[in-house]
Each structure stands twice: as structure tokens, then as C-alpha cells.
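The file work-v5.csv contains CSV, C-alpha atoms:
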```csv
chain,number,residue,atom,x,y,z
A,1,MET,CA,-44.4,256.7,-93.5
A,2,GLN,CA,-43.6,260.2,-92.3
A,3,SER,CA,-42.9,260.7,-88.6
A,4,PRO,CA,-45.7,262.9,-87.2
A,5,TRP,CA,-43.5,264.0,-84.2
A,6,PRO,CA,-39.9,265.1,-83.8
A,7,VAL,CA,-37.6,262.1,-83.2
A,8,ASP,CA,-36.5,263.5,-79.8
A,9,ASP,CA,-40.1,263.6,-78.5
A,10,ILE,CA,-40.7,260.0,-79.6
A,11,VAL,CA,-37.5,258.9,-77.9
A,12,ALA,CA,-38.6,260.7,-74.7
A,13,LEU,CA,-41.9,258.9,-74.7
A,14,THR,CA,-40.2,255.5,-74.9
A,15,ARG,CA,-38.3,256.3,-71.8
A,16,MET,CA,-41.4,256.7,-69.7
A,17,ARG,CA,-42.4,254.0,-67.3
A,18,GLY,CA,-45.2,251.7,-68.1
A,19,LEU,CA,-46.0,252.6,-71.7
A,20,THR,CA,-46.2,249.7,-74.1
A,21,SER,CA,-45.4,249.9,-77.8
A,22,ALA,CA,-49.2,249.9,-78.6
A,23,ASP,CA,-49.7,252.8,-76.1
A,24,ILE,CA,-46.9,254.9,-77.8
A,25,ILE,CA,-48.1,254.1,-81.3
A,26,ALA,CA,-51.7,255.2,-80.4
A,27,LEU,CA,-50.5,258.4,-78.7
A,28,VAL,CA,-48.3,259.4,-81.6
A,29,HIS,CA,-51.1,258.7,-84.1
A,30,THR,CA,-53.8,260.5,-82.1
A,31,CYS,CA,-52.0,263.4,-80.4
A,32,GLY,CA,-50.5,266.3,-82.3
A,33,THR,CA,-47.6,266.9,-79.8
A,34,ILE,CA,-45.9,265.2,-76.9
A,35,ASP,CA,-47.5,267.8,-74.6
A,36,GLU,CA,-50.9,266.7,-75.7
A,37,ALA,CA,-50.0,263.1,-75.2
A,38,LEU,CA,-48.6,263.8,-71.7
A,39,ASP,CA,-51.8,265.7,-70.8
A,40,ARG,CA,-53.9,262.8,-72.0
A,41,ILE,CA,-52.0,260.2,-69.8
A,42,GLY,CA,-51.3,262.6,-66.9
A,43,ARG,CA,-47.6,261.8,-66.8
A,44,THR,CA,-44.3,263.6,-66.9
A,45,ILE,CA,-41.2,262.4,-68.7
A,46,GLY,CA,-39.2,260.1,-66.5
A,47,LEU,CA,-36.0,258.0,-66.6
A,48,PRO,CA,-36.0,254.5,-68.1
A,49,LEU,CA,-37.5,251.7,-65.9
A,50,GLY,CA,-35.0,250.6,-63.2
A,51,LEU,CA,-32.7,253.6,-63.5
A,52,ASP,CA,-32.1,256.7,-61.4
A,53,ASP,CA,-29.8,259.7,-61.8
A,54,THR,CA,-26.9,257.9,-60.2
A,55,ASP,CA,-27.3,254.8,-62.3
A,56,VAL,CA,-27.2,256.4,-65.7
A,57,PRO,CA,-23.7,255.8,-67.2
A,58,PRO,CA,-21.9,258.5,-69.3
A,59,VAL,CA,-22.8,258.4,-73.0
A,60,ASP,CA,-20.1,257.8,-75.5
A,61,THR,CA,-20.9,260.7,-77.9
A,62,SER,CA,-18.3,259.3,-80.4
A,63,ALA,CA,-20.7,256.5,-81.4
A,64,ASP,CA,-21.8,257.2,-85.0
A,65,SER,CA,-25.4,256.0,-85.3
A,66,THR,CA,-28.8,257.0,-86.5
A,67,ILE,CA,-32.1,256.9,-84.6
A,68,VAL,CA,-34.9,255.2,-86.6
A,69,THR,CA,-38.4,255.3,-85.2
A,70,TYR,CA,-41.4,253.1,-85.9
A,71,PHE,CA,-42.9,256.0,-87.8
A,72,CYS,CA,-40.0,256.5,-90.2
A,73,ASP,CA,-39.8,255.2,-93.8
A,74,ALA,CA,-36.5,253.6,-93.0
A,75,TYR,CA,-37.9,251.4,-90.2
A,76,PRO,CA,-37.8,247.7,-91.2
A,77,ALA,CA,-41.2,246.5,-92.6
A,78,ARG,CA,-40.8,243.0,-91.1
A,79,LEU,CA,-40.2,244.5,-87.6
A,80,ARG,CA,-43.2,246.8,-87.9
A,81,ALA,CA,-45.5,243.8,-88.4
A,82,ILE,CA,-44.6,241.9,-85.2
A,83,PRO,CA,-46.4,242.3,-81.8
A,84,HIS,CA,-44.7,244.8,-79.5
A,85,PRO,CA,-42.3,246.2,-82.1
A,86,PRO,CA,-39.5,248.5,-80.7
A,87,ILE,CA,-40.5,252.1,-81.2
A,88,VAL,CA,-36.9,253.3,-81.5
A,89,LEU,CA,-33.9,251.7,-83.1
A,90,ASP,CA,-30.4,253.1,-82.7
A,91,VAL,CA,-28.6,251.9,-85.9
A,92,ARG,CA,-25.0,252.0,-86.7
A,93,GLY,CA,-24.3,251.2,-90.3
A,94,ARG,CA,-26.9,250.5,-92.9
A,95,LEU,CA,-30.1,248.6,-92.4
A,96,PRO,CA,-30.7,246.0,-95.2
A,97,PRO,CA,-33.4,246.9,-97.6
A,98,ASP,CA,-36.8,245.3,-97.0
A,99,ASP,CA,-36.6,243.4,-100.3
A,100,VAL,CA,-33.4,241.6,-99.3
A,101,PRO,CA,-34.1,238.1,-97.9
A,102,ALA,CA,-33.1,237.8,-94.2
A,103,ILE,CA,-32.3,234.7,-92.2
A,104,ALA,CA,-31.9,234.8,-88.4
A,105,VAL,CA,-29.2,232.3,-87.2
A,106,VAL,CA,-28.8,231.8,-83.5
A,107,GLY,CA,-27.6,229.1,-81.1
A,108,THR,CA,-25.6,228.3,-78.0
A,109,ARG,CA,-22.7,230.4,-76.8
A,110,ALA,CA,-20.7,227.2,-76.3
A,111,ALA,CA,-20.7,226.1,-79.9
A,112,THR,CA,-18.8,222.9,-80.7
A,113,ALA,CA,-15.8,223.1,-83.0
A,114,GLN,CA,-16.6,219.6,-84.4
A,115,TYR,CA,-20.2,220.3,-85.3
A,116,GLY,CA,-21.7,223.7,-84.6
A,117,LYS,CA,-18.9,225.6,-86.3
A,118,PRO,CA,-18.7,223.8,-89.7
A,119,VAL,CA,-22.5,223.5,-89.9
A,120,THR,CA,-23.0,227.3,-89.2
A,121,GLU,CA,-20.3,228.2,-91.7
A,122,SER,CA,-21.7,225.9,-94.4
A,123,LEU,CA,-25.3,227.1,-94.0
A,124,VAL,CA,-24.3,230.8,-94.0
A,125,ARG,CA,-22.1,230.5,-97.0
A,126,THR,CA,-24.9,229.1,-99.1
A,127,TRP,CA,-27.4,231.7,-97.9
A,128,VAL,CA,-25.0,234.6,-98.4
A,129,GLU,CA,-24.3,233.3,-101.9
A,130,ALA,CA,-28.0,233.4,-102.6
A,131,GLY,CA,-28.1,237.1,-101.6
A,132,CYS,CA,-29.5,236.8,-98.0
A,133,CYS,CA,-28.7,239.0,-95.1
A,134,ILE,CA,-27.8,237.1,-91.9
A,135,VAL,CA,-29.3,238.3,-88.7
A,136,SER,CA,-27.9,237.4,-85.3
A,137,GLY,CA,-27.1,238.7,-81.8
A,138,LEU,CA,-23.3,239.3,-81.6
A,139,ALA,CA,-23.0,236.8,-78.7
A,140,ASN,CA,-20.2,234.3,-78.4
A,141,GLY,CA,-20.7,230.9,-80.1
A,142,ILE,CA,-23.1,230.4,-83.0
A,143,ASP,CA,-24.0,234.1,-83.3
A,144,THR,CA,-20.3,235.1,-83.7
A,145,LEU,CA,-19.7,232.3,-86.2
A,146,ALA,CA,-22.7,233.4,-88.3
A,147,HIS,CA,-21.5,237.0,-88.4
A,148,GLU,CA,-17.9,236.0,-89.2
A,149,ALA,CA,-18.9,233.5,-91.9
A,150,THR,CA,-21.0,236.3,-93.5
A,151,ILE,CA,-18.1,238.7,-93.4
A,152,ALA,CA,-15.8,236.1,-94.9
A,153,MET,CA,-18.2,235.8,-97.9
A,154,SER,CA,-18.4,239.6,-98.2
A,155,GLY,CA,-22.1,239.4,-97.3
A,156,ILE,CA,-24.3,241.6,-95.2
A,157,THR,CA,-25.1,240.8,-91.6
A,158,ALA,CA,-27.1,242.6,-89.0
A,159,ALA,CA,-26.3,242.3,-85.3
A,160,VAL,CA,-28.9,243.0,-82.7
A,161,ILE,CA,-27.5,243.9,-79.2
A,162,ALA,CA,-29.0,244.2,-75.7
A,163,CYS,CA,-27.2,247.4,-74.7
A,164,GLY,CA,-26.6,250.9,-75.9
A,165,ILE,CA,-24.9,251.1,-79.3
A,166,ASP,CA,-21.8,252.5,-77.5
A,167,ARG,CA,-21.6,249.9,-74.7
A,168,ILE,CA,-20.7,246.7,-76.6
A,169,THR,CA,-18.6,244.3,-74.6
A,170,PRO,CA,-16.3,242.3,-74.5
A,171,ALA,CA,-13.5,243.7,-76.7
A,172,HIS,CA,-13.7,241.0,-79.3
A,173,ALA,CA,-17.5,241.7,-79.8
A,174,LYS,CA,-16.7,245.3,-80.2
A,175,ARG,CA,-14.1,244.5,-82.9
A,176,LEU,CA,-16.5,242.2,-84.7
A,177,ALA,CA,-19.1,245.0,-84.6
A,178,GLU,CA,-16.6,247.3,-86.4
A,179,ARG,CA,-16.0,244.7,-89.1
A,180,ILE,CA,-19.8,244.2,-89.5
A,181,VAL,CA,-20.3,247.9,-90.1
A,182,ASP,CA,-17.2,248.2,-92.3
A,183,GLY,CA,-18.6,245.4,-94.4
A,184,GLY,CA,-21.9,247.2,-95.1
A,185,GLY,CA,-23.9,245.6,-92.3
A,186,CYS,CA,-25.3,247.2,-89.2
A,187,ILE,CA,-25.6,247.1,-85.4
A,188,VAL,CA,-29.1,247.6,-84.0
A,189,SER,CA,-30.2,248.4,-80.5
A,190,GLU,CA,-33.5,249.6,-79.0
A,191,TYR,CA,-31.7,250.8,-75.9
A,192,ALA,CA,-30.4,254.3,-75.2
A,193,ARG,CA,-26.7,255.1,-75.6
A,194,GLY,CA,-24.8,254.6,-72.4
A,195,GLN,CA,-27.1,251.7,-71.3
A,196,ALA,CA,-25.2,248.6,-70.2
A,197,ALA,CA,-26.7,245.2,-70.9
A,198,LEU,CA,-29.0,243.8,-68.2
A,199,PRO,CA,-30.5,240.3,-68.0
A,200,PRO,CA,-34.0,241.3,-69.0
A,201,TYR,CA,-32.8,243.0,-72.1
A,202,PHE,CA,-31.6,239.8,-73.8
A,203,PRO,CA,-35.0,238.2,-74.3
A,204,GLN,CA,-36.2,241.5,-75.7
A,205,ARG,CA,-33.2,241.6,-78.0
A,206,ASN,CA,-34.2,238.1,-79.2
A,207,ARG,CA,-37.7,239.3,-80.4
A,208,ILE,CA,-36.0,241.8,-82.7
A,209,ILE,CA,-33.7,239.1,-84.1
A,210,SER,CA,-36.8,237.0,-84.9
A,211,GLY,CA,-38.7,240.0,-86.2
A,212,LEU,CA,-35.9,241.0,-88.7
A,213,GLY,CA,-35.8,237.5,-90.2
A,214,ASP,CA,-37.9,235.8,-92.9
A,215,ALA,CA,-37.0,232.6,-91.1
A,216,VAL,CA,-35.2,231.6,-87.8
A,217,VAL,CA,-32.6,228.9,-87.7
A,218,ILE,CA,-31.3,227.2,-84.5
A,219,VAL,CA,-28.0,225.4,-85.1
A,220,GLU,CA,-27.0,224.2,-81.6
A,221,SER,CA,-28.9,224.9,-78.4
A,222,LYS,CA,-29.1,223.4,-75.0
A,223,ARG,CA,-32.5,222.6,-73.5
A,224,THR,CA,-32.7,226.1,-72.0
A,225,GLY,CA,-31.2,229.4,-73.2
A,226,GLY,CA,-31.6,232.4,-75.4
A,227,ALA,CA,-31.9,230.4,-78.7
A,228,LEU,CA,-35.1,228.7,-77.5
A,229,ILE,CA,-36.5,232.1,-76.5
A,230,THR,CA,-35.8,233.3,-80.0
A,231,ALA,CA,-37.6,230.1,-81.2
A,232,GLU,CA,-40.7,231.0,-79.2
A,233,PHE,CA,-40.7,234.5,-80.7
A,234,ALA,CA,-40.5,232.9,-84.1
A,235,ARG,CA,-43.7,231.0,-83.3
A,236,GLN,CA,-45.4,234.2,-82.1
A,237,HIS,CA,-44.2,236.1,-85.2
A,238,HIS,CA,-45.3,233.3,-87.6
A,239,ARG,CA,-41.8,232.9,-88.8
A,240,PRO,CA,-40.7,229.5,-90.2
A,241,LEU,CA,-38.5,227.9,-87.5
A,242,TYR,CA,-35.8,225.5,-88.5
A,243,ALA,CA,-33.5,223.4,-86.2
A,244,VAL,CA,-30.4,221.5,-87.2
A,245,PRO,CA,-30.5,218.0,-85.6
A,246,GLY,CA,-27.5,217.0,-83.5
A,247,PRO,CA,-26.0,214.0,-81.8
A,248,VAL,CA,-28.3,212.6,-79.2
A,249,THR,CA,-25.3,212.4,-76.9
A,250,SER,CA,-24.6,216.2,-77.1
A,251,GLN,CA,-26.2,218.5,-74.6
A,252,ARG,CA,-25.5,221.3,-76.9
A,253,SER,CA,-27.9,219.9,-79.4
A,254,ALA,CA,-30.6,218.9,-76.9
A,255,GLY,CA,-32.6,222.0,-77.5
A,256,CYS,CA,-32.6,221.5,-81.2
A,257,ASN,CA,-33.6,217.9,-80.9
A,258,ALA,CA,-36.4,218.7,-78.5
A,259,LEU,CA,-37.8,221.3,-80.9
A,260,LEU,CA,-37.8,218.7,-83.7
A,261,ALA,CA,-39.3,216.0,-81.5
A,262,SER,CA,-42.1,218.3,-80.5
A,263,GLY,CA,-42.8,219.3,-84.1
A,264,HIS,CA,-42.2,223.0,-83.3
A,265,ALA,CA,-39.3,223.3,-85.8
A,266,ARG,CA,-38.6,221.9,-89.2
A,267,THR,CA,-35.6,219.7,-89.7
A,268,LEU,CA,-32.8,221.5,-91.5
A,269,CYS,CA,-30.3,219.2,-93.2
A,270,ASP,CA,-29.8,221.1,-96.5
A,271,ALA,CA,-29.2,224.9,-96.7
A,272,ARG,CA,-30.8,225.0,-100.1
A,273,GLN,CA,-34.1,223.5,-98.8
A,274,LEU,CA,-34.7,226.7,-96.7
A,275,LEU,CA,-34.1,228.8,-99.8
A,276,GLU,CA,-36.6,226.7,-101.7
A,277,ASP,CA,-39.1,226.9,-98.8
A,278,LEU,CA,-38.9,230.7,-98.9
A,279,GLY,CA,-38.9,231.0,-102.6
A,280,ILE,CA,-35.4,232.5,-102.6
A,281,ASP,CA,-34.1,230.0,-105.1
A,282,ARG,CA,-36.4,231.6,-107.7
A,283,LEU,CA,-34.7,235.0,-107.3
A,284,PRO,CA,-33.5,236.3,-110.7
A,285,GLY,CA,-30.0,235.1,-111.5
A,286,LEU,CA,-29.7,232.7,-108.5
A,287,ASP,CA,-29.5,229.6,-110.7
A,288,ALA,CA,-26.7,231.1,-112.7
A,289,ARG,CA,-24.5,231.7,-109.6
A,290,PRO,CA,-21.7,229.1,-109.3
A,291,ARG,CA,-21.3,227.1,-106.1
A,292,PRO,CA,-18.4,228.1,-103.8
A,293,ASP,CA,-14.9,226.9,-104.7
A,294,ILE,CA,-13.9,223.7,-103.0
A,295,THR,CA,-10.6,223.1,-101.2
A,296,GLY,CA,-8.0,220.5,-102.1
A,297,ILE,CA,-9.1,218.1,-99.4
A,298,GLU,CA,-12.7,218.5,-100.4
A,299,ARG,CA,-11.8,217.6,-104.0
A,300,ARG,CA,-9.9,214.5,-102.8
A,301,LEU,CA,-13.0,213.3,-100.9
A,302,ILE,CA,-15.3,214.0,-103.9
A,303,ASP,CA,-13.0,212.1,-106.3
A,304,THR,CA,-12.6,209.2,-103.8
A,305,ILE,CA,-16.4,208.9,-103.5
A,306,GLY,CA,-16.7,209.1,-107.3
A,307,ASN,CA,-14.3,206.2,-107.6
A,308,GLY,CA,-16.7,204.0,-105.5
A,309,MET,CA,-15.4,204.6,-102.0
A,310,THR,CA,-18.7,205.5,-100.4
A,311,TYR,CA,-18.2,204.4,-96.7
A,312,VAL,CA,-16.5,206.9,-94.3
A,313,ASP,CA,-14.0,204.3,-93.1
A,314,ASP,CA,-13.0,203.4,-96.7
A,315,ILE,CA,-12.7,207.1,-97.6
A,316,ALA,CA,-10.5,207.7,-94.6
A,317,ARG,CA,-8.2,204.8,-95.5
A,318,GLU,CA,-8.0,205.8,-99.2
A,319,THR,CA,-7.2,209.5,-98.5
A,320,THR,CA,-5.0,208.8,-95.4
A,321,LEU,CA,-7.1,211.3,-93.5
A,322,SER,CA,-8.6,210.8,-90.0
A,323,VAL,CA,-12.2,209.7,-89.7
A,324,ASP,CA,-13.0,212.9,-87.8
A,325,THR,CA,-11.5,215.0,-90.6
A,326,VAL,CA,-13.4,213.1,-93.2
A,327,LEU,CA,-16.7,213.4,-91.4
A,328,GLN,CA,-16.3,217.1,-90.7
A,329,THR,CA,-15.4,217.8,-94.3
A,330,LEU,CA,-18.2,215.7,-95.7
A,331,LEU,CA,-20.7,217.4,-93.4
A,332,ASP,CA,-19.5,220.8,-94.9
A,333,LEU,CA,-19.9,219.4,-98.4
A,334,GLU,CA,-23.3,218.1,-97.6
A,335,PHE,CA,-24.6,221.4,-96.4
A,336,ARG,CA,-23.2,223.1,-99.6
A,337,GLY,CA,-24.9,220.6,-101.8
A,338,PHE,CA,-21.9,218.6,-103.1
A,339,VAL,CA,-22.6,215.3,-101.5
A,340,ARG,CA,-25.5,213.4,-99.8
A,341,ARG,CA,-25.5,211.2,-96.8
A,342,LEU,CA,-27.0,207.8,-97.1
A,343,PRO,CA,-27.9,205.3,-94.3
A,344,GLY,CA,-24.9,203.4,-92.8
A,345,GLN,CA,-22.4,206.4,-93.0
A,346,ARG,CA,-22.3,206.3,-96.8
A,347,PHE,CA,-22.0,209.3,-99.1
A,348,ILE,CA,-22.7,209.9,-102.8
A,349,VAL,CA,-21.6,212.8,-105.0
A,350,LEU,CA,-24.4,215.0,-106.3
A,351,GLU,CA,-24.5,216.2,-109.8
A,352,GLY,CA,-24.1,219.9,-110.6
```
Can you turn what I pasted into C-alpha cells?
Amino acid sequence: MQSPWPVDDIVALTRMRGLTSADIIALVHTCGTIDEALDRIGRTIGLPLGLDDTDVPPVDTSADSTIVTYFCDAYPARLRAIPHPPIVLDVRGRLPPDDVPAIAVVGTRAATAQYGKPVTESLVRTWVEAGCCIVSGLANGIDTLAHEATIAMSGITAAVIACGIDRITPAHAKRLAERIVDGGGCIVSEYARGQAALPPYFPQRNRIISGLGDAVVIVESKRTGGALITAEFARQHHRPLYAVPGPVTSQRSAGCNALLASGHARTLCDARQLLEDLGIDRLPGLDARPRPDITGIERRLIDTIGNGMTYVDDIARETTLSVDTVLQTLLDLEFRGFVRRLPGQRFIVLEG
């Protein structure tokens, strides 16, 4: 698709008050110039909603990014298909091609080290191995874990932010953004350079996260929060929604468990199941790819189970590891397809 207007004129139109995405798309398609569009709506170009001359922060012109509009060939096809798509994206790095599968992974900012962290890392490893791009929001917790796990696998990840591309905070998020771009991924924003994050921008950011994914996965979520907003956008966008079940005693899994109890999300207990659901397991060459290497401790657990020690307590005694360590490691192995959990805290080794 060739942009019918200069990019600067499209950007200017997005900064007017009260125009929806549909309004702007219609104006650009039916008016030859921005002057004709302004004449039609009887407006003049103004500042973004909620800002005045004294509120506009200085722009960091050192930010190296590219403006991609809804009318450009480079605009993501998935995003173009959602209701109320962003008209302008400020992109640092490289957007993943449309033919690369993309999975959005989000969750609580207060991820648990015992459950949320190993689950996120295990899921992401499997999906990156299958050639998927991982989309998330650069926030603390599950988002950061998803980005970092992708980078560790030399995979591609896209981070959608709720501020100008040059206003990323805090410092550790800015450093992570640099690593994402250096690894071949991208940082995406619909906001102008110099714009600080404001509370209303985060839900809007979440619609882009959902829109960029072929599926949306919630790992840990409280009963309220941004992850559940992303889940609602997934429903509106007709994206498959998955939630990882968590302990009923954990408030940080209460949102996931509620999504599952209501039937709004599919239960995700196996990373490969999502690949099968999306048809990604049938991509050329996927079956020939080896599973990730296992660690020494993981090999000890697999060998112990293979020798008939299937109960967690027995495995812990045999390996002289703590029960917590055994459970965390087995959980990681389960999500990577090496073992399967049976009733009564028993595990078996899977073939392959």
C-alpha cells in the first residue's frame, strides 16, 4: 500500500483532537491533501489531547527511529486488521515480517520467582525455537522476563511502549530496549517523541500488543491489571487467548484462574500445544529442530524418573535436591516437553 499523503501530514492529522482512527483513514482515502481534509472537517491542526505549549517536553532528536503509517507497505498486516488501529507507529529497530508467527506474552509486574519466571522462560524458549517472534510491553515482571528469555535464545522480540520512543524509563527498561534492538527486534510506540507515559496510554498500548500477536498468553495476573485489559483486547481482536493456571492460593495467578474458570481463555500447560493450535508445528523444518540442551540437574532428574522414581518426594531424596528445586526444574522440563505431570505429584519421562 502506497501512502497517499506525505508522512508529516498524516502525523499532523493524528495530533488533532477528537479524530478517531476511522476518521483519519476515511479522510486520507477521500481527500487529496491535508488542506482539503481540514476544510472538510472545519478544523485546524492542534496539539495532542491533554497537552498545551508548556506541557510539551523537549524531544530527544538522538532517537533513531522510523515513522510507519497505516498507509505504508511496512505497516504490520495483523495490526491493520484490528478495530481502531494506530495510524502512526514510531519504530526503532526492525518490525518482524508478517509471515513470522508472533505470540504476545504478558502478565503481572510482580512475577513470582518460583512460578512465573520459570514458566515464562520455558514457554518462550520453546516458541523462539519454533521461529516465533515474542511481543510484550517492556514492563517489569512477566513482560521483561519474556523479552529477556527471547534475547537469551537469540530470538526476535517486539516491545510496545506507552510513551515516546525517546522517553523510556526506568533505566533498566531503557537498557533492555537497547538489547532488543541490537538483537534484531524492535521498540514500537504510537506516541510522539518527547511524550512521557500517562495512565490512559497503557490500555491503548495493550491493544497494540494484542494486535501484533497471532495469540495472546497470560502467564501470571492478578484479578485486575493490564494483563486482563490485554486479554479483553484479544477477545475483541478474535485472537486465541491462553492463560497459565496457577496455585489457587496465589493472588498473582487469580486473574489467570478467573479467565480459565469463565471459559474466556484456554488452559496452557504445554508450550507445544499452542504451536499445534496455530499450525506452527507444521512449518517447514520445525520437526527437524532439536530440543534445547538440558542442564546437569535436569539430566539427573530425567535419569532418576527413568529409573522408576516418579514421585517428587522420592526424586528429591534420590538426588539430594530440595523439593522446591525439584518442582521448579520439573516444571521447566514439563513446559519444554521432556516430562509429563501425572496425578499425585508424579512425573514420567516423554519419548523424543
Need to verify the contact set: region 111-118 of chain A, 7 Å, only C-alpha atoms, exclusion of same-chain residues closer than 6 positions in sequence. Can you return it as a ChimeraX atom specification?
/A:141-142,145,219-220,328,332
If I take CA of Thr325 (chain A) and CA of Gly306 (chain A), how far is one from the other in Å, to one decimal?
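That distance, rounded to one decimal, is 18.5 Å.
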Rounded to one decimal, what separation in Å do you get between CA of Phe347 (chain A) and CA of Asp270 (chain A)?
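Taking CA of Phe347 (chain A) and CA of Asp270 (chain A), their separation equals 14.4 Å.
For the choices A:Thr319, A:Gln195, A:Thr30, A:Thr267, the atom-to-atom distance to Pro4 (chain A) is smallest for A:Thr30 when using only C-alpha atoms.
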Applying 8 Å and only C-alpha atoms, which residues near region 150-153 of chain A remain after dropping the ones on its own chain fewer than 2 positions away? List them as a count of residues only.
14
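You will find CA of Ala258 (chain A) at 23.5 Å from CA of Leu342 (chain A).
Using all atoms listed in the file for every distance, the candidate list A:Ile82, A:Ala243, A:Cys163, A:Ile280 yields A:Ile82 as the residue closest to Ala22 (chain A).
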May I ask which of the residues A:Ala254, A:Ala130, A:Met309, A:Leu327 is the closest one to Thr108 (chain A), counting all atoms listed in the file?
A:Ala254
List the spatial neighbours of region 262-265 of chain A as number ranges by chain - criterion: any atom at most 8 Å away, all atoms listed in the file, same-chain residues fewer than 5 positions off excluded.
A: 240-243
Keeping only C-alpha atoms, write the selected residues to a file as a JSON list (two decimals), keeping the file's coordinate frame.
```
[["chain", "number", "residue", "atom", "x", "y", "z"],
["A", 240, "PRO", "CA", -40.70, 229.50, -90.20],
["A", 241, "LEU", "CA", -38.50, 227.90, -87.50],
["A", 242, "TYR", "CA", -35.80, 225.50, -88.50],
["A", 243, "ALA", "CA", -33.50, 223.40, -86.20]]
```
Between A:Arg193, A:Thr320, A:Asn140, A:Leu228, single out the one closest to His172 (chain A), counting only C-alpha atoms.
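When distances to His172 (chain A) are compared using only C-alpha atoms, the smallest one comes from A:Asn140.
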